[in-house]
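**Student:** One file is attached below, data.pdb, containing PDB, C-alpha atoms and all ligand atoms.
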ATOM      1  CA  MET A  22      52.697  71.292 -34.671  1.00  0.00           C
ATOM      2  CA  GLU A  23      52.241  68.466 -32.182  1.00  0.00           C
ATOM      3  CA  GLN A  24      54.893  69.999 -29.952  1.00  0.00           C
ATOM      4  CA  GLN A  25      53.187  73.365 -30.074  1.00  0.00           C
ATOM      5  CA  LEU A  26      49.876  71.748 -29.073  1.00  0.00           C
ATOM      6  CA  THR A  27      51.468  69.910 -26.162  1.00  0.00           C
ATOM      7  CA  ALA A  28      53.118  73.128 -24.990  1.00  0.00           C
ATOM      8  CA  PHE A  29      49.711  74.784 -24.977  1.00  0.00           C
ATOM      9  CA  ILE A  30      47.578  71.969 -23.561  1.00  0.00           C
ATOM     10  CA  TYR A  31      49.751  70.951 -20.578  1.00  0.00           C
ATOM     11  CA  PRO A  32      49.733  74.401 -18.976  1.00  0.00           C
ATOM     12  CA  LEU A  33      45.987  74.555 -19.637  1.00  0.00           C
ATOM     13  CA  ILE A  34      45.434  71.208 -17.841  1.00  0.00           C
ATOM     14  CA  MET A  35      47.684  72.274 -14.948  1.00  0.00           C
ATOM     15  CA  PHE A  36      45.806  75.561 -14.703  1.00  0.00           C
ATOM     16  CA  PHE A  37      42.471  73.694 -14.607  1.00  0.00           C
ATOM     17  CA  ILE A  38      43.682  71.255 -11.916  1.00  0.00           C
ATOM     18  CA  LEU A  39      45.258  73.885  -9.671  1.00  0.00           C
ATOM     19  CA  GLY A  40      42.709  76.613 -10.263  1.00  0.00           C
ATOM     20  CA  VAL A  41      39.441  74.664 -10.277  1.00  0.00           C
ATOM     21  CA  VAL A  42      39.709  71.012  -9.171  1.00  0.00           C
ATOM     22  CA  VAL A  43      41.936  71.538  -6.102  1.00  0.00           C
ATOM     23  CA  PRO A  44      39.936  74.484  -4.682  1.00  0.00           C
ATOM     24  CA  VAL A  45      36.647  72.564  -5.131  1.00  0.00           C
ATOM     25  CA  LEU A  46      38.061  69.480  -3.373  1.00  0.00           C
ATOM     26  CA  LEU A  47      39.457  71.603  -0.537  1.00  0.00           C
ATOM     27  CA  SER A  48      36.193  73.442  -0.047  1.00  0.00           C
ATOM     28  CA  ASN A  49      34.240  70.143   0.067  1.00  0.00           C
ATOM     29  CA  ALA A  50      36.650  68.820   2.671  1.00  0.00           C
ATOM     30  CA  ALA A  51      36.242  72.005   4.725  1.00  0.00           C
ATOM     31  CA  ASP A  52      32.443  71.714   4.533  1.00  0.00           C
ATOM     32  CA  LYS A  53      32.651  68.117   5.743  1.00  0.00           C
ATOM     33  CA  ALA A  54      34.854  69.128   8.644  1.00  0.00           C
ATOM     34  CA  HIS A  55      32.253  71.651   9.854  1.00  0.00           C
ATOM     35  CA  SER A  56      29.133  69.638   9.158  1.00  0.00           C
ATOM     36  CA  PHE A  57      27.525  68.236  12.325  1.00  0.00           C
ATOM     37  CA  ASP A  58      24.228  67.250  10.698  1.00  0.00           C
ATOM     38  CA  ASP A  59      24.680  63.600  11.545  1.00  0.00           C
ATOM     39  CA  VAL A  60      26.125  64.139  15.045  1.00  0.00           C
ATOM     40  CA  PRO A  61      23.673  64.128  17.981  1.00  0.00           C
ATOM     41  CA  VAL A  62      24.352  67.520  19.582  1.00  0.00           C
ATOM     42  CA  GLN A  63      24.095  67.624  23.373  1.00  0.00           C
ATOM     43  CA  PRO A  64      21.983  70.583  24.533  1.00  0.00           C
ATOM     44  CA  ALA A  65      23.894  73.213  26.528  1.00  0.00           C
ATOM     45  CA  GLU A  66      23.601  72.518  30.257  1.00  0.00           C
ATOM     46  CA  GLU A  67      20.042  73.196  31.429  1.00  0.00           C
ATOM     47  CA  SER A  68      19.448  75.862  34.035  1.00  0.00           C
ATOM     48  CA  LEU A  69      18.466  74.767  37.509  1.00  0.00           C
ATOM     49  CA  TYR A  70      15.089  76.371  36.763  1.00  0.00           C
ATOM     50  CA  ASP A  71      14.534  74.043  33.782  1.00  0.00           C
ATOM     51  CA  GLN A  72      15.878  71.003  35.620  1.00  0.00           C
ATOM     52  CA  LEU A  73      13.323  71.585  38.378  1.00  0.00           C
ATOM     53  CA  GLY A  74      10.448  71.792  35.889  1.00  0.00           C
ATOM     54  CA  GLY A  75      10.101  75.505  35.115  1.00  0.00           C
ATOM     55  CA  VAL A  76       7.226  77.743  36.131  1.00  0.00           C
ATOM     56  CA  ALA A  77       4.938  74.970  37.406  1.00  0.00           C
ATOM     57  CA  ALA A  78       7.623  73.616  39.725  1.00  0.00           C
ATOM     58  CA  ILE A  79       8.497  77.042  41.158  1.00  0.00           C
ATOM     59  CA  ASP A  80       4.786  77.828  41.672  1.00  0.00           C
ATOM     60  CA  ALA A  81       4.218  74.582  43.544  1.00  0.00           C
ATOM     61  CA  ALA A  82       7.381  74.967  45.631  1.00  0.00           C
ATOM     62  CA  VAL A  83       6.667  78.552  46.740  1.00  0.00           C
ATOM     63  CA  ASP A  84       3.038  77.773  47.618  1.00  0.00           C
ATOM     64  CA  ILE A  85       4.003  74.799  49.780  1.00  0.00           C
ATOM     65  CA  PHE A  86       6.948  76.730  51.234  1.00  0.00           C
ATOM     66  CA  TYR A  87       4.801  79.651  52.478  1.00  0.00           C
ATOM     67  CA  ARG A  88       2.173  77.270  53.833  1.00  0.00           C
ATOM     68  CA  ARG A  89       4.927  75.732  55.944  1.00  0.00           C
ATOM     69  CA  VAL A  90       6.388  79.114  56.931  1.00  0.00           C
ATOM     70  CA  LEU A  91       2.992  80.458  58.037  1.00  0.00           C
ATOM     71  CA  SER A  92       2.327  77.433  60.184  1.00  0.00           C
ATOM     72  CA  ASP A  93       5.663  77.808  62.000  1.00  0.00           C
ATOM     73  CA  ALA A  94       4.955  79.666  65.261  1.00  0.00           C
ATOM     74  CA  TYR A  95       8.612  80.689  65.566  1.00  0.00           C
ATOM     75  CA  ILE A  96       8.691  82.790  62.363  1.00  0.00           C
ATOM     76  CA  LYS A  97       5.114  83.476  61.232  1.00  0.00           C
ATOM     77  CA  VAL A  98       5.062  86.730  63.269  1.00  0.00           C
ATOM     78  CA  PHE A  99       7.358  88.305  60.646  1.00  0.00           C
ATOM     79  CA  PHE A 100       4.658  87.907  57.993  1.00  0.00           C
ATOM     80  CA  GLU A 101       1.722  89.305  59.987  1.00  0.00           C
ATOM     81  CA  GLY A 102       1.481  92.591  58.077  1.00  0.00           C
ATOM     82  CA  THR A 103       2.470  91.092  54.718  1.00  0.00           C
ATOM     83  CA  ASP A 104       0.174  90.586  51.727  1.00  0.00           C
ATOM     84  CA  MET A 105       1.012  86.919  51.125  1.00  0.00           C
ATOM     85  CA  VAL A 106      -0.420  86.844  47.597  1.00  0.00           C
ATOM     86  CA  LYS A 107       1.983  89.587  46.511  1.00  0.00           C
ATOM     87  CA  GLN A 108       4.766  88.040  48.578  1.00  0.00           C
ATOM     88  CA  ALA A 109       4.406  84.685  46.796  1.00  0.00           C
ATOM     89  CA  VAL A 110       4.485  86.426  43.411  1.00  0.00           C
ATOM     90  CA  LYS A 111       7.713  88.230  44.376  1.00  0.00           C
ATOM     91  CA  GLN A 112       9.299  85.088  45.800  1.00  0.00           C
ATOM     92  CA  LYS A 113       8.460  83.116  42.629  1.00  0.00           C
ATOM     93  CA  ALA A 114      10.043  85.805  40.458  1.00  0.00           C
ATOM     94  CA  PHE A 115      13.090  85.986  42.736  1.00  0.00           C
ATOM     95  CA  LEU A 116      13.695  82.224  42.785  1.00  0.00           C
ATOM     96  CA  THR A 117      13.066  81.972  39.037  1.00  0.00           C
ATOM     97  CA  MET A 118      15.800  84.578  38.529  1.00  0.00           C
ATOM     98  CA  VAL A 119      18.376  83.005  40.857  1.00  0.00           C
ATOM     99  CA  PHE A 120      17.750  79.527  39.436  1.00  0.00           C
ATOM    100  CA  GLY A 121      18.578  80.790  35.951  1.00  0.00           C
ATOM    101  CA  GLY A 122      15.038  81.177  34.548  1.00  0.00           C
ATOM    102  CA  PRO A 123      13.543  84.308  32.972  1.00  0.00           C
ATOM    103  CA  ASN A 124      14.470  87.427  34.917  1.00  0.00           C
ATOM    104  CA  ASN A 125      11.263  89.307  35.793  1.00  0.00           C
ATOM    105  CA  TYR A 126      12.116  90.174  39.400  1.00  0.00           C
ATOM    106  CA  THR A 127      11.368  93.821  40.150  1.00  0.00           C
ATOM    107  CA  GLY A 128      11.277  93.613  43.959  1.00  0.00           C
ATOM    108  CA  LEU A 129      13.746  94.950  46.455  1.00  0.00           C
ATOM    109  CA  ASP A 130      17.209  93.496  46.859  1.00  0.00           C
ATOM    110  CA  MET A 131      17.575  91.143  49.808  1.00  0.00           C
ATOM    111  CA  ARG A 132      19.198  93.689  52.128  1.00  0.00           C
ATOM    112  CA  GLU A 133      16.580  96.392  51.501  1.00  0.00           C
ATOM    113  CA  GLY A 134      13.720  93.890  51.614  1.00  0.00           C
ATOM    114  CA  HIS A 135      14.606  92.575  55.086  1.00  0.00           C
ATOM    115  CA  LYS A 136      16.427  95.451  56.818  1.00  0.00           C
ATOM    116  CA  HIS A 137      13.325  96.608  58.697  1.00  0.00           C
ATOM    117  CA  LEU A 138      12.773  93.040  59.958  1.00  0.00           C
ATOM    118  CA  VAL A 139      16.295  92.957  61.391  1.00  0.00           C
ATOM    119  CA  GLU A 140      16.041  96.424  62.929  1.00  0.00           C
ATOM    120  CA  LYS A 141      12.486  96.341  64.288  1.00  0.00           C
ATOM    121  CA  MET A 142      11.829  92.651  64.895  1.00  0.00           C
ATOM    122  CA  GLY A 143      15.249  91.171  65.570  1.00  0.00           C
ATOM    123  CA  LEU A 144      15.392  88.891  62.504  1.00  0.00           C
ATOM    124  CA  ASN A 145      18.466  86.698  63.052  1.00  0.00           C
ATOM    125  CA  ASN A 146      20.267  83.487  62.170  1.00  0.00           C
ATOM    126  CA  SER A 147      17.839  81.215  64.029  1.00  0.00           C
ATOM    127  CA  HIS A 148      14.909  82.552  61.950  1.00  0.00           C
ATOM    128  CA  PHE A 149      16.953  82.140  58.810  1.00  0.00           C
ATOM    129  CA  GLU A 150      17.627  78.491  59.722  1.00  0.00           C
ATOM    130  CA  HIS A 151      13.870  77.875  60.050  1.00  0.00           C
ATOM    131  CA  VAL A 152      13.313  79.304  56.569  1.00  0.00           C
ATOM    132  CA  LEU A 153      16.059  77.094  55.114  1.00  0.00           C
ATOM    133  CA  ALA A 154      14.548  74.047  56.849  1.00  0.00           C
ATOM    134  CA  HIS A 155      11.130  74.808  55.306  1.00  0.00           C
ATOM    135  CA  LEU A 156      12.696  75.215  51.890  1.00  0.00           C
ATOM    136  CA  ARG A 157      14.509  71.883  52.311  1.00  0.00           C
ATOM    137  CA  SER A 158      11.388  69.967  53.377  1.00  0.00           C
ATOM    138  CA  THR A 159       9.313  71.600  50.620  1.00  0.00           C
ATOM    139  CA  LEU A 160      11.762  70.390  47.976  1.00  0.00           C
ATOM    140  CA  ALA A 161      11.887  66.914  49.524  1.00  0.00           C
ATOM    141  CA  GLU A 162       8.069  66.803  49.492  1.00  0.00           C
ATOM    142  CA  LEU A 163       8.139  67.627  45.773  1.00  0.00           C
ATOM    143  CA  GLY A 164      10.561  64.777  45.134  1.00  0.00           C
ATOM    144  CA  VAL A 165      13.615  66.884  44.278  1.00  0.00           C
ATOM    145  CA  GLY A 166      16.768  64.758  44.581  1.00  0.00           C
ATOM    146  CA  GLU A 167      19.233  65.301  47.406  1.00  0.00           C
ATOM    147  CA  THR A 168      22.012  66.698  45.233  1.00  0.00           C
ATOM    148  CA  LYS A 169      19.675  69.264  43.714  1.00  0.00           C
ATOM    149  CA  VAL A 170      18.268  70.153  47.142  1.00  0.00           C
ATOM    150  CA  ALA A 171      21.802  70.771  48.413  1.00  0.00           C
ATOM    151  CA  GLU A 172      22.496  72.990  45.400  1.00  0.00           C
ATOM    152  CA  ILE A 173      19.332  75.030  46.046  1.00  0.00           C
ATOM    153  CA  ILE A 174      19.980  75.362  49.779  1.00  0.00           C
ATOM    154  CA  ALA A 175      23.487  76.631  48.990  1.00  0.00           C
ATOM    155  CA  ILE A 176      21.985  79.315  46.713  1.00  0.00           C
ATOM    156  CA  ALA A 177      19.458  80.326  49.396  1.00  0.00           C
ATOM    157  CA  ASP A 178      22.212  80.374  51.997  1.00  0.00           C
ATOM    158  CA  SER A 179      24.276  82.694  49.818  1.00  0.00           C
ATOM    159  CA  VAL A 180      21.858  85.584  50.556  1.00  0.00           C
ATOM    160  CA  ARG A 181      22.030  85.093  54.359  1.00  0.00           C
ATOM    161  CA  GLY A 182      24.431  88.017  54.894  1.00  0.00           C
ATOM    162  CA  ASP A 183      22.179  90.391  52.941  1.00  0.00           C
ATOM    163  CA  VAL A 184      18.906  89.183  54.510  1.00  0.00           C
ATOM    164  CA  LEU A 185      20.376  89.592  57.992  1.00  0.00           C
ATOM    165  CA  ASN A 186      21.978  92.925  57.029  1.00  0.00           C
ATOM    166  CA  ARG A 187      25.445  91.866  58.127  1.00  0.00           C
TER     167      ARG A 187
HETATM  168  C1  LIG B   1      16.691  82.449  51.488  1.00  0.00           C
HETATM  169  C2  LIG B   1      16.356  83.515  52.191  1.00  0.00           C
HETATM  170  C3  LIG B   1      15.302  84.482  51.764  1.00  0.00           C
HETATM  171  C4  LIG B   1      14.889  84.861  50.512  1.00  0.00           C
HETATM  172  C5  LIG B   1      15.424  84.357  49.169  1.00  0.00           C
HETATM  173  C6  LIG B   1      13.828  85.829  50.678  1.00  0.00           C
HETATM  174  C7  LIG B   1      13.171  86.443  49.636  1.00  0.00           C
HETATM  175  C8  LIG B   1      12.314  87.517  49.803  1.00  0.00           C
HETATM  176  C9  LIG B   1      11.799  88.352  48.752  1.00  0.00           C
HETATM  177  C10 LIG B   1      12.093  88.159  47.262  1.00  0.00           C
HETATM  178  C11 LIG B   1      11.045  89.317  49.313  1.00  0.00           C
HETATM  179  C12 LIG B   1      10.313  90.461  48.576  1.00  0.00           C
HETATM  180  C13 LIG B   1      11.128  91.746  48.697  1.00  0.00           C
HETATM  181  C14 LIG B   1      10.283  92.948  48.288  1.00  0.00           C
HETATM  182  O1  LIG B   1       9.458  93.387  49.093  1.00  0.00           O
HETATM  183  O2  LIG B   1      10.444  93.442  47.161  1.00  0.00           O
HETATM  184  C15 LIG B   1      11.038  89.064  50.735  1.00  0.00           C
HETATM  185  C16 LIG B   1      10.318  89.786  51.663  1.00  0.00           C
HETATM  186  C17 LIG B   1      10.094  89.348  52.946  1.00  0.00           C
HETATM  187  N1  LIG B   1      10.797  88.353  53.567  1.00  0.00           N
HETATM  188 FE1  LIG B   1      12.186  87.196  52.818  1.00  0.00          FE
HETATM  189  N2  LIG B   1      13.607  85.998  52.012  1.00  0.00           N
HETATM  190  C18 LIG B   1      14.469  85.198  52.698  1.00  0.00           C
HETATM  191  C19 LIG B   1      14.565  85.081  54.076  1.00  0.00           C
HETATM  192  C20 LIG B   1      13.618  85.550  54.941  1.00  0.00           C
HETATM  193  C21 LIG B   1      13.528  85.241  56.351  1.00  0.00           C
HETATM  194  C22 LIG B   1      14.565  84.380  57.114  1.00  0.00           C
HETATM  195  C23 LIG B   1      12.428  85.855  56.825  1.00  0.00           C
HETATM  196  C24 LIG B   1      11.848  85.832  58.198  1.00  0.00           C
HETATM  197  C25 LIG B   1      11.814  84.756  58.929  1.00  0.00           C
HETATM  198  C26 LIG B   1      11.827  86.582  55.714  1.00  0.00           C
HETATM  199  C27 LIG B   1      10.700  87.338  55.801  1.00  0.00           C
HETATM  200  C28 LIG B   1      10.265  88.211  54.834  1.00  0.00           C
HETATM  201  C29 LIG B   1       9.150  89.132  55.012  1.00  0.00           C
HETATM  202  C30 LIG B   1       8.283  89.293  56.234  1.00  0.00           C
HETATM  203  C31 LIG B   1       9.064  89.852  53.818  1.00  0.00           C
HETATM  204  C32 LIG B   1       8.027  90.935  53.456  1.00  0.00           C
HETATM  205  C33 LIG B   1       8.462  92.234  54.055  1.00  0.00           C
HETATM  206  C34 LIG B   1       7.350  93.243  53.939  1.00  0.00           C
HETATM  207  O3  LIG B   1       6.213  92.881  53.584  1.00  0.00           O
HETATM  208  O4  LIG B   1       7.632  94.382  54.207  1.00  0.00           O
HETATM  209  N3  LIG B   1      12.560  86.369  54.599  1.00  0.00           N
HETATM  210  N4  LIG B   1      11.815  87.981  51.000  1.00  0.00           N
END
How does this structure look as structure tokens?
Ligand code: HEM
**Tutor:**
Amino acid sequence: MEQQLTAFIYPLIMFFILGVVVPVLLSNAADKAHSFDDVPVQPAEESLYDQLGGVAAIDAAVDIFYRRVLSDAYIKVFFEGTDMVKQAVKQKAFLTMVFGGPNNYTGLDMREGHKHLVEKMGLNNSHFEHVLAHLRSTLAELGVGETKVAEIIAIADSVRGDVLNR
């Protein structure tokens, strides 16, 4: 009788250990391995737009930038027939987009937007350099660090070929 009981109980215990205890332990271990509740998670790298300070920073930068552009006798002639309120709105949306912020730019692409200036008014490299210089001094005025300024100037410079229709 005792032998019969042992023959029945041992397989039952083995079945319980292998079928219930081991799977529960394994699943707890797996949960632990994937639980990051107590780990400080680094945010994904911020966009340049966020690093600069978002909408308020872009607004301030574009306003100062166009004030500088319009007081530069060498390039202000290009903007004589331009509605500067609309222009600032477009420039803010454009820069927001290229700096990785929300994409609400609906204006022309850089080639289409400047082609007539190249063809009718001789827009060239020297004018482009003035614009870059105003962008650089605007950012410096706002206290943007040198590394960030260099990053932004490189982005602005990347549209040179399109702006000058080359
Ligand atoms: C980093 C380089 C530049 C950027 C990112 C830029 C950006 C823009 C944008 C977004 C527009 C609006 C396009 C549209 O009408 O939908 C625009 C228009 C215009 N840009 Fe630029 N631009 C750049 C260089 C220049 C330069 C070098 C000049 C002249 C010195 C210039 C003069 C103008 C003028 C006059 C308009 C308005 C054209 C019009 O009213 O018909 N831009 N630009």
**Student:** Starting from the shown file, work through the PyMOL selection byres (((chain A and resi 120) around 12) and not hetatm) and note down what comes out as a PyMOL selection string.
**Tutor:** chain A and resi 67-76+78-79+112-119+121-124+169+172-177
**Student:** Could you tell me which of A:Ala94, A:Val106, A:Leu129, A:Ala171 comes closest to ligand LIG 1 (chain B) if we count only C-alpha atoms and all ligand atoms?
**Tutor:**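 Ranking A:Ala94, A:Val106, A:Leu129, A:Ala171 by distance to ligand LIG 1 (chain B), first place goes to A:Leu129.
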**Student:** Quick one: of A:Thr103, A:Asn146, A:Ser179, A:Thr159, who's nearest to Phe86 of chain A, counting only C-alpha atoms?
**Tutor:**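 Once distances to Phe86 of chain A are computed over only C-alpha atoms, the minimum belongs to A:Thr159.
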**Student:** For this file, the PyMOL selection byres (((chain A and resi 131-136) around 8) and not hetatm) selects which residues, as a ChimeraX atom specification?
**Tutor:** /A:129-130,137-140,180,183-186
**Student:** Can I get the selection written as a CSV table (one decimal), in the coordinates of the input, with C-alpha atoms?
**Tutor:**
chain,number,residue,atom,x,y,z
A,129,LEU,CA,13.7,95.0,46.5
A,130,ASP,CA,17.2,93.5,46.9
A,137,HIS,CA,13.3,96.6,58.7
A,138,LEU,CA,12.8,93.0,60.0
A,139,VAL,CA,16.3,93.0,61.4
A,140,GLU,CA,16.0,96.4,62.9
A,180,VAL,CA,21.9,85.6,50.6
A,183,ASP,CA,22.2,90.4,52.9
A,184,VAL,CA,18.9,89.2,54.5
A,185,LEU,CA,20.4,89.6,58.0
A,186,ASN,CA,22.0,92.9,57.0
**Student:** In Å to one decimal, how far is atom CA of Ser158 of chain A from atom C29 of ligand LIG 1 (chain B)?
**Tutor:**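 Atom CA of Ser158 of chain A lies 19.4 Å from atom C29 of ligand LIG 1 (chain B).
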**Student:** May I ask which of the residues A:Lys141, A:Arg187, A:Arg157, A:Lys111 is the closest one to ligand LIG 1 (chain B), counting all atoms listed in the file?
**Tutor:**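 Comparing A:Lys141, A:Arg187, A:Arg157, A:Lys111 against ligand LIG 1 (chain B), the winner is A:Lys111.
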**Student:** Have a look at atom CA of Ala81 of chain A and atom CA of Met142 of chain A and let me know their distance in Å, one decimal.
**Tutor:**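 We find that atom CA of Ala81 of chain A and atom CA of Met142 of chain A lie 29.0 Å from each other.
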**Student:** Hey, can you check how far atom C20 of ligand LIG 1 (chain B) sits from atom CA of Arg88 of chain A?
**Tutor:**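 Separation of atom C20 of ligand LIG 1 (chain B) and atom CA of Arg88 of chain A: 14.2 Å.
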**Student:** Around all of ligand LIG 1 (chain B)'s listed atoms, make the axis-aligned box with 5 Å on each side and tell me centre and edge lengths in Å to one decimal, as lines of an AutoDock Vina configuration file.
**Tutor:**
center_x = 11.5
center_y = 88.4
center_z = 53.0
size_x = 20.5
size_y = 21.9
size_z = 21.8
**Student:** Would you please work out which residue, of A:Val110, A:Leu160, A:Ile96, A:Val165, is nearest to ligand LIG 1 (chain B) when using only C-alpha atoms and all ligand atoms?
**Tutor:**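 Checking each candidate against ligand LIG 1 (chain B), we get A:Ile96 as the closest.
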**Student:** Can you work out which one of A:Val170, A:Met105, A:Val98, A:Val90 has the shortest atom-to-atom distance to Val152 of chain A, counting all atoms listed in the file?
**Tutor:**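 Smallest distance to Val152 of chain A is found for A:Val90.
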**Student:** Which is closer to ligand LIG 1 (chain B) than all the others in A:Asp93, A:Glu167, A:Asp84, A:Glu162, using all atoms listed in the file?
**Tutor:**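 For ligand LIG 1 (chain B), the nearest of the candidates is A:Asp93.
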